[in-house]
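So the structure is just underneath, and the comments pick up after that.
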Amino acid sequence: SEFAKVAVILYLSCVISDQARKMAKFRTLVKVMIPVLPVVGLVGASNLSTAIIILGIAAALIFVASPKYAQFLVMGAAAAGFLGIFLALESYRLERLAIWRNPEKYEKGFQTIQGLYAIGSGGIFGRGFGNSLQKLGFVPEAQNDMIFSIICEEMGAAGAIFLIFLFAMLLWRLGVAAMHAKDLAGALICCGIMGHLALQVILNIAVVTNTIPNTGITLPFISYGGTSVLFLLGEMGLALSVSRDTD
């Protein structure tokens, strides 16, 4: 799935740059999207959250190339239908919606509740680096998807805001690199990486704070996992190669 994210960014950047003058046509948009949909379906069969990110990356790149709102209303309706089908295919996905609404009523809501306890107990400045109590067996997978709740507990709201600020600065620099890229393909690569990071950060924080139903999304560069970090660093290398050769 990590490879699929990078592959979609590179593939769409090349295809859209070749079809740039025709992207205003709905037929071209469909032709560009058709090869991506099997990848989304294949990944979504086992990991819906990653499929949503891949679909979001594709939508972001197409919007950059042809920002026409009517096209995206159609794409939004199609994405909603796709989401509905995948939710209905597996009962546990519908169960997650119920857990999201009332985590106290379900045994599987334990992770969400403990994560919220960690966030609340951190206060403004936190317990201190390394002094989290919730990570000592209370928050399941504290080193993975729920790492943001531990950051909030140890570093407080101030530390969480600073971390979000760092991500915002990274996204801003990717935007600057895209705007000053020498060609459209380079600009689209930076935009795709920016869309990937933005989606993953937003979805991870939204899950930890119970703003959206629980899905398995890591926090970029911070959550445990070698494969994820390897491909993220590869994306940073691509962005740096674009920014090195700018107008």
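Chain labels run A, B, ... following the order of the structure tokens; each chain numbers its residues from 1, and ligands are numbered from 1 in the order shown.
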Excluding Lys5 in chain A and its own-chain neighbours fewer than 6 positions away, which residues fall within 8 Å of it when counting only C-alpha atoms? Please give them as a PyMOL selection string.
chain A and resi 53-54+57+196
So that I can check the surroundings of Val8 in chain A, please list as a VMD selection string every protein, DNA and RNA residue that reaches within 9 Å of it, counting only C-alpha atoms and ignoring chain neighbours fewer than 3 positions away.
chain A and resid 3 to 5 11 to 13 36 39 54 57 to 58 192
When you count only C-alpha atoms, which of these residues is closest to Gly115 in chain A: A:Ser17, A:Gln71, A:Gln134, A:Thr227?
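When distances to Gly115 in chain A are compared using only C-alpha atoms, the smallest one comes from A:Gln134.
In terms of minimum interatomic distance to Lys25 in chain A, A:Ser66 ranks closest within A:Ser121, A:Ser149, A:Ser66, A:Ser223, counting only C-alpha atoms.
Minimum atom-to-atom distance to Leu61 in chain A, evaluated using only C-alpha atoms, belongs to A:Leu29 out of A:Ala168, A:Leu230, A:Leu29, A:Met236.
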Measuring between only C-alpha atoms, which one of A:Glu141, A:Asn214, A:Ala177, A:Phe63 shows the shortest distance to Glu95 in chain A?
A:Asn214
At a cut-off of 6 Å, using only C-alpha atoms, what residues contact range 219-221 of chain A? Leave out same-chain residues fewer than 2 positions from it and give the result as a PDB file with C-alpha atoms, in the first residue's frame.
ATOM      1  CA  VAL A 201      -1.910  13.935   9.079  1.00  0.00           C
ATOM      2  CA  ASN A 204      -4.688  10.407  11.854  1.00  0.00           C
ATOM      3  CA  SER A 223       4.407   6.417  14.050  1.00  0.00           C
ATOM      4  CA  VAL A 229       9.171   5.940   6.932  1.00  0.00           C
TER       5      VAL A 229
END
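CA of Gln114 in chain A lies 25.1 Å from CA of Phe165 in chain A.
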